[in-house]
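Dumped model-v1.cif below, it's mmCIF, C-alpha atoms:
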data_query
loop_
_atom_site.label_atom_id
_atom_site.label_comp_id
_atom_site.auth_asym_id
_atom_site.auth_seq_id
_atom_site.Cartn_x
_atom_site.Cartn_y
_atom_site.Cartn_z
CA MET D 48 0.00 0.00 0.00
CA ALA D 49 1.33 3.44 -0.92
CA SER D 50 2.20 5.85 1.87
CA LEU D 51 0.60 9.29 2.17
CA GLY D 52 3.85 10.82 0.94
CA GLN D 53 3.88 8.61 -2.14
CA ILE D 54 0.24 9.38 -2.83
CA SER D 55 0.95 13.13 -2.54
CA THR D 56 3.88 12.80 -4.95
CA LEU D 57 1.73 10.91 -7.44
CA LEU D 58 -0.99 13.54 -7.20
CA VAL D 59 1.54 16.29 -7.92
CA VAL D 60 2.83 14.35 -10.93
CA PHE D 61 -0.69 13.79 -12.24
CA VAL D 62 -1.52 17.47 -11.80
CA LEU D 63 1.63 18.52 -13.67
CA ILE D 64 0.91 16.06 -16.46
CA GLY D 65 -2.67 17.28 -16.59
CA CYS D 66 -1.52 20.90 -16.82
CA THR D 67 0.90 20.01 -19.63
CA VAL D 68 -1.77 18.12 -21.55
CA ALA D 69 -4.21 21.00 -21.02
CA ALA D 70 -1.65 23.51 -22.28
CA GLU D 71 -0.95 21.38 -25.36
CA SER D 72 -4.68 20.98 -25.91
CA ASN D 73 -5.14 24.76 -25.73
CA HIS D 74 -2.42 25.23 -28.35
CA ASN D 75 -3.83 22.60 -30.67
CA GLN D 76 -7.52 23.46 -30.40
CA LEU D 77 -6.92 27.18 -30.72
CA TYR D 78 -5.32 26.88 -34.15
CA ARG D 79 -7.24 23.86 -35.46
CA GLY D 80 -7.92 24.32 -39.17
CA TYR D 81 -5.73 27.41 -39.55
CA LYS D 82 -3.74 27.34 -42.80
CA LEU D 83 -0.38 28.93 -43.51
CA PHE D 84 0.04 30.27 -47.04
CA SER D 85 3.08 31.45 -48.93
CA VAL D 86 2.14 34.28 -51.28
CA ARG D 87 4.37 35.39 -54.12
CA GLN D 88 4.94 39.14 -54.29
CA ALA D 89 5.78 39.17 -57.98
CA ASN D 90 5.61 42.95 -58.44
CA GLN D 91 5.02 46.19 -56.59
CA TRP D 92 1.28 45.96 -57.12
CA SER D 93 1.08 42.65 -55.26
CA VAL D 94 3.30 44.04 -52.49
CA ASP D 95 0.93 46.98 -52.04
CA HIS D 96 -2.14 44.74 -52.20
CA LEU D 97 -0.91 42.44 -49.43
CA ARG D 98 0.00 45.45 -47.31
CA GLN D 99 -3.56 46.71 -47.75
CA LEU D 100 -4.93 43.32 -46.68
CA GLN D 101 -2.77 43.44 -43.58
CA ARG D 102 -4.07 46.89 -42.67
CA THR D 103 -7.74 46.12 -43.25
CA ASN D 104 -8.14 42.56 -41.95
CA ALA D 105 -6.90 41.96 -38.41
CA GLU D 106 -7.76 38.25 -38.65
CA LEU D 107 -4.97 37.64 -41.16
CA ASP D 108 -1.73 37.02 -39.27
CA PHE D 109 1.14 38.05 -41.53
CA TRP D 110 4.21 36.28 -40.20
CA LYS D 111 6.52 37.58 -42.89
CA LEU D 112 5.86 40.54 -45.14
CA ASP D 113 8.41 42.88 -46.67
CA ARG D 114 8.41 45.52 -49.38
CA LEU D 115 10.67 43.69 -51.79
CA ALA D 116 9.12 42.58 -55.07
CA GLY D 117 10.07 38.98 -55.78
CA SER D 118 9.88 37.90 -52.15
CA GLU D 119 7.34 35.60 -50.49
CA ALA D 120 4.92 36.60 -47.76
CA HIS D 121 3.74 34.13 -45.11
CA VAL D 122 0.23 34.54 -43.72
CA LEU D 123 -1.74 32.41 -41.27
CA VAL D 124 -5.45 32.36 -42.13
CA PRO D 125 -8.25 31.17 -39.83
CA PRO D 126 -10.96 28.87 -41.27
CA SER D 127 -13.51 31.69 -41.35
CA GLN D 128 -11.32 33.77 -43.70
CA GLN D 129 -9.91 31.11 -46.02
CA LYS D 130 -12.50 31.17 -48.83
CA ALA D 131 -12.45 34.96 -49.07
CA PHE D 132 -8.64 35.10 -48.87
CA ILE D 133 -8.14 32.54 -51.62
CA ALA D 134 -10.81 34.17 -53.79
CA ASP D 135 -9.08 37.54 -53.42
CA LEU D 136 -5.73 36.11 -54.51
CA LEU D 137 -7.27 34.30 -57.48
CA VAL D 138 -9.19 37.37 -58.69
CA ASN D 139 -6.03 39.45 -58.47
CA ARG D 140 -3.88 36.74 -60.08
CA ILE D 141 -1.49 36.57 -57.16
CA GLN D 142 0.32 33.24 -56.92
CA PHE D 143 0.12 31.34 -53.65
CA ARG D 144 0.64 27.93 -52.15
CA GLU D 145 -0.49 26.25 -48.98
CA ILE D 146 2.49 25.29 -46.84
CA ILE D 147 0.77 24.16 -43.62
CA PRO D 148 -2.75 22.72 -44.07
CA ASP D 149 -3.54 22.64 -40.34
CA TYR D 150 -1.36 24.67 -38.01
CA GLY D 151 -3.07 23.26 -34.93
CA ARG D 152 -2.13 19.75 -35.98
CA ILE D 153 1.59 20.47 -36.25
CA GLN D 154 1.60 21.58 -32.62
CA ASN D 155 1.12 17.91 -31.73
CA ASN D 156 4.56 17.22 -33.16
CA PHE D 157 6.30 20.22 -31.63
CA SER D 158 8.67 19.62 -28.74
CA PHE D 159 9.88 22.26 -26.31
CA GLY D 160 13.18 20.41 -26.02
CA SER D 161 14.85 18.55 -23.22
CA SER D 162 17.11 19.67 -20.40
CA ARG D 163 18.90 16.34 -20.72
CA SER D 164 21.18 15.76 -23.66
CA SER D 165 23.05 12.57 -24.46
CA SER D 166 25.80 14.71 -25.96
CA GLY D 167 26.29 16.61 -22.70
CA LYS D 168 25.39 19.95 -24.30
CA SER D 169 24.07 22.83 -22.25
CA PRO D 170 20.26 23.11 -22.11
CA ILE D 171 20.78 26.56 -23.65
CA LEU D 172 21.44 24.68 -26.89
CA THR D 173 18.81 21.97 -26.58
CA LYS D 174 15.57 23.50 -25.29
CA TYR D 175 13.52 26.65 -25.08
CA LEU D 176 14.22 27.82 -21.56
CA ARG D 177 11.35 29.20 -19.55
CA HIS D 178 11.55 32.59 -17.84
CA GLU D 179 12.58 31.30 -14.42
CA GLU D 180 15.20 29.03 -15.97
CA MET D 181 16.76 31.99 -17.77
CA ASN D 182 16.88 34.04 -14.58
CA GLU D 183 18.42 31.13 -12.68
CA TYR D 184 21.16 30.89 -15.30
CA LEU D 185 21.88 34.61 -15.06
CA VAL D 186 22.13 34.50 -11.27
CA SER D 187 24.37 31.43 -11.38
CA PHE D 188 26.72 33.13 -13.85
CA ALA D 189 27.02 36.12 -11.52
CA LYS D 190 27.76 33.86 -8.53
CA GLN D 191 30.41 31.92 -10.42
CA HIS D 192 32.11 35.04 -11.82
CA PRO D 193 31.51 37.83 -9.28
CA GLY D 194 34.43 39.94 -10.46
CA ARG D 195 33.12 40.53 -13.93
CA VAL D 196 29.45 39.53 -14.07
CA THR D 197 26.59 41.30 -12.31
CA VAL D 198 22.84 40.74 -12.51
CA SER D 199 20.21 43.34 -11.71
CA GLU D 200 16.45 43.54 -11.79
CA ILE D 201 15.56 46.39 -14.12
CA GLY D 202 11.80 46.11 -13.67
CA LYS D 203 8.81 43.91 -12.98
CA THR D 204 6.10 42.96 -15.43
CA PHE D 205 2.39 43.61 -14.99
CA GLU D 206 2.03 40.07 -13.58
CA GLY D 207 4.97 40.59 -11.23
CA ARG D 208 7.72 38.70 -13.03
CA SER D 209 11.30 39.93 -12.71
CA ILE D 210 12.98 41.45 -15.78
CA LYS D 211 16.69 40.86 -15.34
CA ALA D 212 19.74 42.32 -17.04
CA ILE D 213 23.21 40.82 -16.95
CA THR D 214 26.32 42.97 -17.35
CA ILE D 215 29.52 41.28 -18.50
CA ARG D 216 32.98 42.82 -18.36
CA SER D 217 36.47 41.74 -19.26
CA PRO D 218 38.17 39.22 -16.96
CA SER D 219 41.51 41.00 -17.29
CA ASP D 220 42.57 43.34 -14.50
CA LYS D 221 44.06 45.79 -16.96
CA SER D 222 40.79 46.16 -18.80
CA ARG D 223 38.69 46.23 -15.64
CA HIS D 224 40.02 49.68 -14.74
CA ARG D 225 38.75 50.95 -18.06
CA ASN D 226 35.27 49.49 -17.75
CA ALA D 227 33.61 52.67 -16.55
CA SER D 228 34.49 54.45 -19.79
CA GLN D 229 34.24 51.48 -22.16
CA PRO D 230 31.67 51.53 -24.92
CA VAL D 231 28.58 49.53 -23.98
CA VAL D 232 26.68 47.04 -26.10
CA PHE D 233 23.05 46.84 -25.02
CA LEU D 234 21.27 43.75 -26.33
CA ASP D 235 17.68 42.75 -25.66
CA ALA D 236 15.33 40.02 -26.86
CA GLY D 237 11.81 38.75 -26.42
CA ILE D 238 9.86 42.00 -26.76
CA HIS D 239 7.49 39.90 -28.87
CA ALA D 240 6.41 36.85 -26.90
CA ARG D 241 6.10 34.28 -29.68
CA GLU D 242 9.62 34.80 -31.04
CA TRP D 243 11.21 32.12 -28.86
CA VAL D 244 14.48 31.85 -30.77
CA ALA D 245 15.35 35.46 -29.88
CA PRO D 246 15.72 34.86 -26.10
CA ALA D 247 17.46 31.58 -26.95
CA THR D 248 20.03 33.53 -28.97
CA ALA D 249 20.47 36.14 -26.24
CA MET D 250 21.12 33.38 -23.70
CA TYR D 251 23.72 31.86 -26.01
CA VAL D 252 25.49 35.24 -26.30
CA VAL D 253 25.54 35.42 -22.49
CA HIS D 254 26.89 31.87 -22.24
CA GLU D 255 29.68 32.54 -24.74
CA LEU D 256 30.81 35.80 -23.13
CA VAL D 257 30.77 34.32 -19.63
CA GLU D 258 31.82 30.69 -19.99
CA ASN D 259 34.12 31.11 -23.00
CA ALA D 260 35.53 34.53 -22.15
CA ALA D 261 39.07 33.50 -23.12
CA GLN D 262 37.91 32.86 -26.69
CA HIS D 263 36.26 36.26 -26.86
CA LYS D 264 38.86 38.55 -25.30
CA ASP D 265 38.51 40.87 -28.27
CA LEU D 266 34.79 41.30 -27.52
CA LEU D 267 35.35 41.95 -23.83
CA GLU D 268 38.51 44.02 -23.58
CA GLY D 269 37.02 46.84 -25.64
CA LEU D 270 33.34 46.54 -24.73
CA THR D 271 31.03 46.15 -21.76
CA TRP D 272 27.90 44.09 -22.47
CA THR D 273 24.48 44.57 -20.91
CA ILE D 274 21.97 41.94 -22.02
CA VAL D 275 18.26 41.57 -21.25
CA PRO D 276 17.41 38.08 -22.56
CA LEU D 277 13.65 38.36 -22.03
CA VAL D 278 11.88 41.73 -22.05
CA ASN D 279 8.33 40.35 -22.05
CA PRO D 280 8.18 37.39 -19.63
CA ASP D 281 4.38 37.57 -19.16
CA GLY D 282 3.69 37.19 -22.85
CA TYR D 283 6.44 34.60 -23.27
CA GLU D 284 5.02 32.38 -20.54
CA TYR D 285 1.52 32.81 -21.95
CA SER D 286 2.78 31.72 -25.38
CA HIS D 287 4.13 28.55 -23.76
CA GLU D 288 1.09 27.75 -21.69
CA GLN D 289 -1.97 29.06 -23.52
CA GLU D 290 -1.57 30.64 -26.95
CA ARG D 291 1.53 29.76 -28.94
CA LEU D 292 1.35 32.78 -31.26
CA TRP D 293 0.74 35.37 -28.55
CA ARG D 294 2.81 38.47 -29.38
CA LYS D 295 1.98 41.22 -26.88
CA THR D 296 2.32 41.89 -23.16
CA ARG D 297 -0.47 40.70 -20.84
CA ARG D 298 -1.86 43.82 -19.15
CA PRO D 299 -5.63 44.18 -19.70
CA SER D 300 -6.14 46.73 -22.47
CA GLY D 301 -9.88 46.96 -22.83
CA ALA D 302 -13.10 45.28 -21.79
CA ARG D 303 -12.05 41.93 -23.26
CA CYS D 304 -8.56 42.40 -24.64
CA PHE D 305 -5.07 42.00 -23.25
CA GLY D 306 -1.65 43.35 -23.98
CA ILE D 307 0.09 45.86 -26.18
CA ASP D 308 2.79 45.52 -28.81
CA GLY D 309 5.97 46.49 -26.97
CA ASN D 310 7.71 47.40 -30.20
CA ARG D 311 5.09 50.06 -30.94
CA ASN D 312 5.10 51.55 -27.43
CA PHE D 313 8.32 53.62 -27.37
CA ASP D 314 7.99 57.39 -27.27
CA PHE D 315 9.38 58.45 -30.62
CA HIS D 316 6.75 59.30 -33.23
CA TRP D 317 4.54 57.01 -31.15
CA SER D 318 1.27 55.85 -32.81
CA GLU D 319 1.88 57.82 -36.02
CA VAL D 320 2.04 54.89 -38.44
CA GLY D 321 2.15 51.10 -38.57
CA SER D 322 0.27 50.40 -35.35
CA SER D 323 -3.33 50.06 -34.24
CA ASP D 324 -5.70 51.98 -31.99
CA SER D 325 -7.65 48.78 -31.32
CA PRO D 326 -6.82 47.09 -27.99
CA CYS D 327 -7.48 43.66 -29.52
CA SER D 328 -5.03 44.16 -32.39
CA ASP D 329 -1.64 42.45 -32.37
CA THR D 330 -0.08 45.85 -33.12
CA PHE D 331 -1.99 47.86 -30.49
CA HIS D 332 0.38 50.67 -29.49
CA GLY D 333 -1.10 51.23 -26.03
CA GLU D 334 -3.15 54.01 -24.51
CA HIS D 335 -0.02 56.15 -24.37
CA SER D 336 3.69 55.72 -24.97
CA PHE D 337 5.57 53.71 -22.34
CA SER D 338 2.30 52.42 -20.93
CA GLU D 339 4.00 49.10 -20.11
CA PRO D 340 6.45 48.34 -17.29
CA GLU D 341 8.41 46.22 -19.78
CA THR D 342 9.09 49.09 -22.18
CA GLN D 343 9.71 51.45 -19.26
CA ALA D 344 12.47 49.10 -18.07
CA ILE D 345 14.26 49.22 -21.42
CA ARG D 346 13.80 52.99 -21.64
CA ASP D 347 15.31 53.52 -18.21
CA GLU D 348 18.34 51.34 -18.96
CA LEU D 349 18.98 53.07 -22.28
CA LEU D 350 18.77 56.51 -20.70
CA LYS D 351 21.02 55.40 -17.86
CA LEU D 352 23.61 54.38 -20.47
CA LYS D 353 23.21 57.53 -22.54
CA GLY D 354 26.62 58.63 -23.78
CA SER D 355 28.31 55.29 -23.11
CA CYS D 356 26.08 52.92 -25.10
CA LYS D 357 27.39 52.78 -28.65
CA PHE D 358 25.54 49.71 -29.97
CA TYR D 359 21.91 48.79 -29.37
CA LEU D 360 20.82 45.44 -30.78
CA SER D 361 17.28 44.10 -30.44
CA LEU D 362 16.71 40.45 -31.38
CA HIS D 363 13.49 39.39 -33.07
CA SER D 364 12.32 36.65 -35.42
CA TYR D 365 11.84 35.79 -38.14
CA GLY D 366 13.09 36.74 -41.58
CA GLU D 367 16.87 37.19 -41.78
CA TYR D 368 16.98 40.97 -41.80
CA LEU D 369 19.31 43.55 -40.27
CA LEU D 370 17.21 46.68 -39.92
CA TYR D 371 17.94 50.19 -38.70
CA PRO D 372 16.14 53.55 -38.31
CA TRP D 373 13.85 54.90 -39.33
CA GLY D 374 10.79 52.80 -38.68
CA TRP D 375 8.37 55.73 -38.92
CA THR D 376 9.39 57.14 -42.31
CA SER D 377 11.20 56.06 -45.46
CA ASP D 378 13.65 58.93 -45.00
CA LEU D 379 17.07 57.94 -43.67
CA PRO D 380 18.51 59.58 -40.55
CA GLN D 381 21.72 61.51 -40.40
CA GLY D 382 24.47 58.98 -39.67
CA TRP D 383 22.72 56.03 -41.30
CA GLU D 384 25.84 55.20 -43.30
CA ALA D 385 27.71 54.14 -40.14
CA ILE D 386 24.86 51.82 -39.13
CA GLU D 387 24.66 50.38 -42.63
CA GLU D 388 28.38 49.63 -42.54
CA VAL D 389 28.13 47.76 -39.22
CA ALA D 390 25.07 45.80 -40.39
CA GLN D 391 26.76 44.84 -43.66
CA VAL D 392 29.76 43.54 -41.70
CA GLY D 393 27.42 41.28 -39.73
CA ALA D 394 25.56 40.11 -42.83
CA LYS D 395 28.81 39.28 -44.63
CA ALA D 396 30.18 37.36 -41.64
CA ILE D 397 27.06 35.19 -41.52
CA GLN D 398 27.02 34.59 -45.26
CA ASP D 399 30.71 33.67 -45.29
CA ALA D 400 30.22 31.26 -42.37
CA THR D 401 26.97 29.53 -43.31
CA GLY D 402 25.66 30.89 -46.60
CA THR D 403 22.59 32.45 -44.98
CA HIS D 404 21.71 35.76 -46.64
CA TYR D 405 20.55 38.69 -44.52
CA ARG D 406 18.89 41.70 -46.12
CA VAL D 407 20.14 45.04 -44.79
CA GLY D 408 18.36 48.38 -44.77
CA SER D 409 16.09 50.74 -42.90
CA SER D 410 13.00 49.20 -41.34
CA THR D 411 10.54 51.18 -43.45
CA ASN D 412 12.33 50.60 -46.74
CA VAL D 413 12.87 46.87 -46.26
CA LEU D 414 9.75 45.88 -44.29
CA TYR D 415 7.15 48.56 -43.58
CA ALA D 416 6.57 51.73 -41.60
CA ALA D 417 6.04 51.07 -37.89
CA ALA D 418 6.51 53.92 -35.44
CA GLY D 419 7.24 53.49 -31.75
CA GLY D 420 10.02 50.91 -32.12
CA SER D 421 12.84 50.42 -29.65
CA ASP D 422 15.59 50.88 -32.24
CA ASP D 423 14.28 54.30 -33.32
CA TYR D 424 14.05 55.37 -29.67
CA ALA D 425 17.56 54.15 -28.85
CA PHE D 426 18.99 56.04 -31.81
CA ALA D 427 17.01 59.27 -31.56
CA VAL D 428 16.45 59.75 -27.82
CA ALA D 429 19.12 57.68 -26.06
CA ASP D 430 21.74 58.84 -28.60
CA VAL D 431 23.02 55.35 -29.43
CA PRO D 432 24.91 55.79 -32.72
CA ILE D 433 24.53 52.20 -33.92
CA SER D 434 20.99 50.89 -33.46
CA ILE D 435 19.91 47.67 -35.19
CA THR D 436 17.05 45.20 -35.09
CA MET D 437 18.11 41.67 -36.06
CA GLU D 438 15.36 39.42 -37.41
CA LEU D 439 16.68 35.91 -36.85
CA PRO D 440 15.95 32.81 -38.96
CA GLY D 441 12.62 31.06 -38.54
CA GLY D 442 11.60 27.45 -38.42
CA GLY D 443 11.19 26.84 -42.13
CA PRO D 444 7.50 26.49 -43.03
CA ALA D 445 6.62 26.50 -39.32
CA GLY D 446 7.79 30.12 -39.00
CA PHE D 447 7.96 30.88 -35.29
CA ASN D 448 8.52 27.21 -34.43
CA PRO D 449 12.14 26.28 -35.08
CA PRO D 450 12.31 22.82 -33.51
CA PRO D 451 14.66 22.49 -30.52
CA SER D 452 16.97 20.45 -32.74
CA ARG D 453 17.67 23.68 -34.69
CA ILE D 454 18.37 25.94 -31.71
CA GLU D 455 22.09 25.25 -31.73
CA GLU D 456 22.42 25.92 -35.46
CA ILE D 457 20.49 29.20 -35.30
CA VAL D 458 22.11 30.66 -32.18
CA LYS D 459 25.64 29.83 -33.31
CA GLU D 460 25.07 31.29 -36.77
CA SER D 461 23.52 34.42 -35.25
CA PHE D 462 26.43 34.83 -32.84
CA VAL D 463 28.80 34.99 -35.81
CA GLY D 464 27.00 38.12 -37.03
CA ILE D 465 26.61 39.65 -33.58
CA ARG D 466 30.29 39.11 -32.88
CA ALA D 467 31.34 40.73 -36.16
CA MET D 468 29.11 43.76 -35.64
CA ALA D 469 30.30 44.26 -32.06
CA LEU D 470 33.94 44.15 -33.14
CA GLU D 471 33.24 46.74 -35.83
CA VAL D 472 31.64 49.00 -33.21
CA SER D 473 34.56 48.45 -30.87
CA LYS D 474 37.02 49.40 -33.60
CA ASN D 475 35.22 52.68 -34.31
CA TYR D 476 34.09 53.77 -30.84
CA SER D 477 36.71 52.58 -28.33
#

Take the structure I supplied and represent it as structure tokens, if you would.
Amino acid sequence: MASLGQISTLLVVFVLIGCTVAAESNHNQLYRGYKLFSVRQANQWSVDHLRQLQRTNAELDFWKLDRLAGSEAHVLVPPSQQKAFIADLLVNRIQFREIIPDYGRIQNNFSFGSSRSSSGKSPILTKYLRHEEMNEYLVSFAKQHPGRVTVSEIGKTFEGRSIKAITIRSPSDKSRHRNASQPVVFLDAGIHAREWVAPATAMYVVHELVENAAQHKDLLEGLTWTIVPLVNPDGYEYSHEQERLWRKTRRPSGARCFGIDGNRNFDFHWSEVGSSDSPCSDTFHGEHSFSEPETQAIRDELLKLKGSCKFYLSLHSYGEYLLYPWGWTSDLPQGWEAIEEVAQVGAKAIQDATGTHYRVGSSTNVLYAAAGGSDDYAFAVADVPISITMELPGGGPAGFNPPPSRIEEIVKESFVGIRAMALEVSKNYS
């Protein structure tokens, strides 16, 4: 007969299993029958037409959409919109193909990854870490390397989760005396909840700079790094537990809606273009700029580093782009040439290493106009001379779902570009 302790343990296990099954069921049922289409943007007319569809139909979830004729757009379409969407494309003679017939079904085959690896690799390379796991890693790094690694809480989310930043300095005594005046790289990730590979990449950057510092002396002796691996923990956890494609924060934003788009909430040309006034929209810009504790935390850190931060890099996914200001207009800012040069160095490093091609340019001219972005704010208000948004690779047809087996490939490839860009900044601003 089982003891009370054994029975309690079994009950806990059953509850945890039940919660996991329920979460998976939520994911699968929510997107049952949704289809993912690839749409050919053969000419400028088709580019403009798809942009108009995006603006006028909030039920169409455009995962990938740029302004480049000849590219492909990816759009997730709910069952209620599929007949009308297909009819529209046919009438307008726009080529398309169905790449995922039932997005809900593929969630059955998606794994979050395992903390145990037969190869002995770090879980950072083998699974999508949850928010608490990331914070535990950051704290452990600081405890193991107290002379050069510090962790701070830069804010709390609406739901009370801790937003942590890790600062990494050179291990050499000679360089340590110069740290106060060293140029700073400020890197963040996870503003958009569903873009899981972005925090995974930020955690890999942290791991490399801390655990393999000797291999990256050139990155550390001339630069101080401050990294926020997960800006939006509430949304990130919700995307794990309830709604896989959740993008926004989780603060109530209306009678029946939740969250705002953090990358439309920064106070530079806020709400002027490329965002929505509707609280239910994925691109809702908020009731006012900096309405969210998450964006306030990034703002405060950037302003605190004003004058010393020379490189701001925000990680997103997906699309393989290196984007820079402006996001609110097609005009280019004064000093854009220096940012272009740094971004091109990163793109070339990645292409030389793996063959992956990154497109480089201003956000509006490559993708679309979207005011209130963090990179525009960093450049214009926090006076960071090199401000870039890096759209990382996706999961093939699955878009935001790179399988855990691809995490290592993506983060290592991305680090090649990040490393090259940081060295270029160090060369010009040390």

>> For stretch 237-254 of chain D, find every residue with an atom within 8 Å (counting all atoms listed in the file), except residues of its own chain fewer than 4 positions away, and show them as an MDAnalysis selection string.
In response: chainID D and resid 171:172 175:176 181 258:259 274:280 282:284 286 291:296 308:310 362:365 439 447:449 454 457:459 461:462

Could those residues be written to a file, using C-alpha atoms, as an mmCIF file, in the frame of the given file?
data_model
loop_
_atom_site.group_PDB
_atom_site.id
_atom_site.type_symbol
_atom_site.label_atom_id
_atom_site.label_comp_id
_atom_site.auth_asym_id
_atom_site.auth_seq_id
_atom_site.Cartn_x
_atom_site.Cartn_y
_atom_site.Cartn_z
ATOM 1 C CA ILE D 171 20.780 26.560 -23.650
ATOM 2 C CA LEU D 172 21.440 24.680 -26.890
ATOM 3 C CA TYR D 175 13.520 26.650 -25.080
ATOM 4 C CA LEU D 176 14.220 27.820 -21.560
ATOM 5 C CA MET D 181 16.760 31.990 -17.770
ATOM 6 C CA GLU D 258 31.820 30.690 -19.990
ATOM 7 C CA ASN D 259 34.120 31.110 -23.000
ATOM 8 C CA ILE D 274 21.970 41.940 -22.020
ATOM 9 C CA VAL D 275 18.260 41.570 -21.250
ATOM 10 C CA PRO D 276 17.410 38.080 -22.560
ATOM 11 C CA LEU D 277 13.650 38.360 -22.030
ATOM 12 C CA VAL D 278 11.880 41.730 -22.050
ATOM 13 C CA ASN D 279 8.330 40.350 -22.050
ATOM 14 C CA PRO D 280 8.180 37.390 -19.630
ATOM 15 C CA GLY D 282 3.690 37.190 -22.850
ATOM 16 C CA TYR D 283 6.440 34.600 -23.270
ATOM 17 C CA GLU D 284 5.020 32.380 -20.540
ATOM 18 C CA SER D 286 2.780 31.720 -25.380
ATOM 19 C CA ARG D 291 1.530 29.760 -28.940
ATOM 20 C CA LEU D 292 1.350 32.780 -31.260
ATOM 21 C CA TRP D 293 0.740 35.370 -28.550
ATOM 22 C CA ARG D 294 2.810 38.470 -29.380
ATOM 23 C CA LYS D 295 1.980 41.220 -26.880
ATOM 24 C CA THR D 296 2.320 41.890 -23.160
ATOM 25 C CA ASP D 308 2.790 45.520 -28.810
ATOM 26 C CA GLY D 309 5.970 46.490 -26.970
ATOM 27 C CA ASN D 310 7.710 47.400 -30.200
ATOM 28 C CA LEU D 362 16.710 40.450 -31.380
ATOM 29 C CA HIS D 363 13.490 39.390 -33.070
ATOM 30 C CA SER D 364 12.320 36.650 -35.420
ATOM 31 C CA TYR D 365 11.840 35.790 -38.140
ATOM 32 C CA LEU D 439 16.680 35.910 -36.850
ATOM 33 C CA PHE D 447 7.960 30.880 -35.290
ATOM 34 C CA ASN D 448 8.520 27.210 -34.430
ATOM 35 C CA PRO D 449 12.140 26.280 -35.080
ATOM 36 C CA ILE D 454 18.370 25.940 -31.710
ATOM 37 C CA ILE D 457 20.490 29.200 -35.300
ATOM 38 C CA VAL D 458 22.110 30.660 -32.180
ATOM 39 C CA LYS D 459 25.640 29.830 -33.310
ATOM 40 C CA SER D 461 23.520 34.420 -35.250
ATOM 41 C CA PHE D 462 26.430 34.830 -32.840
#

>> For a test of reading the model, state the distance in Å between atom CA of D:Val257 and atom CA of D:Tyr424, rounded to one decimal.
In response: 28.7 Å

>> If the PyMOL selection byres ((chain D and resi 114-119) around 8) were run on this exact file, what residues would it hold? Put them as a PyMOL selection string.
In response: chain D and resi 85-91+94+111-113+120-121+412-415

> Of the candidates D:Ser452, D:Thr411, D:Ser187, D:Gln391, which one gets nearest to D:Leu369 if we count all atoms listed in the file?
Replying inline: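 Once distances to D:Leu369 are computed over all atoms listed in the file, the minimum belongs to D:Gln391.
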
> Of the residues D:Glu460, D:Thr330, D:Lys211, D:Ser199, which is the one nearest to D:Glu180, using only C-alpha atoms?
Replying inline: D:Lys211

> Counting all atoms listed in the file, what is within 8 Å of D:Ser473, bar same-chain residues fewer than 4 positions away, as a list in words?
Replying inline: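 My list of contacting residues is Pro230, Leu266, Gly269, Leu270, Ala469 and Ser477 of chain D.
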
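With only C-alpha atoms as the atoms that count, the minimum distance from D:Pro126 to the choices D:Leu77, D:Val138, D:Ile433, D:Leu350 is reached by D:Leu77.
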
>> What would the selection look like, as a VMD selection string, if the PyMOL selection byres ((chain D and resi 189-197) around 9) were run on the coordinates I just shared?
In response: chain D and resid 184 to 188 198 to 199 212 to 218 223 257

Save stretch 347-356 of chain D from what I just supplied, as a compact mmCIF listing (two decimals), in the first residue's frame, atoms limited to N, CA and C atoms.
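Everything below was put into decode_4.txt:
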# COMPACT_ATOMS: atom_id res chain seq x y z
N ASP D 347 14.50 53.05 -19.32
CA ASP D 347 15.31 53.52 -18.21
C ASP D 347 16.76 53.07 -18.33
N GLU D 348 16.97 51.83 -18.79
CA GLU D 348 18.34 51.34 -18.96
C GLU D 348 19.06 52.09 -20.07
N LEU D 349 18.36 52.33 -21.18
CA LEU D 349 18.98 53.07 -22.28
C LEU D 349 19.35 54.48 -21.87
N LEU D 350 18.47 55.14 -21.14
CA LEU D 350 18.77 56.51 -20.70
C LEU D 350 19.89 56.53 -19.67
N LYS D 351 19.94 55.50 -18.83
CA LYS D 351 21.02 55.40 -17.86
C LYS D 351 22.38 55.26 -18.55
N LEU D 352 22.37 54.63 -19.72
CA LEU D 352 23.61 54.38 -20.47
C LEU D 352 23.87 55.44 -21.53
N LYS D 353 23.07 56.49 -21.52
CA LYS D 353 23.21 57.53 -22.54
C LYS D 353 24.62 58.11 -22.52
N GLY D 354 25.25 58.14 -23.67
CA GLY D 354 26.62 58.63 -23.78
C GLY D 354 27.64 57.51 -23.81
N SER D 355 27.36 56.40 -23.11
CA SER D 355 28.31 55.29 -23.11
C SER D 355 27.86 54.14 -24.01
N CYS D 356 26.56 54.00 -24.23
CA CYS D 356 26.08 52.92 -25.10
C CYS D 356 26.30 53.31 -26.55
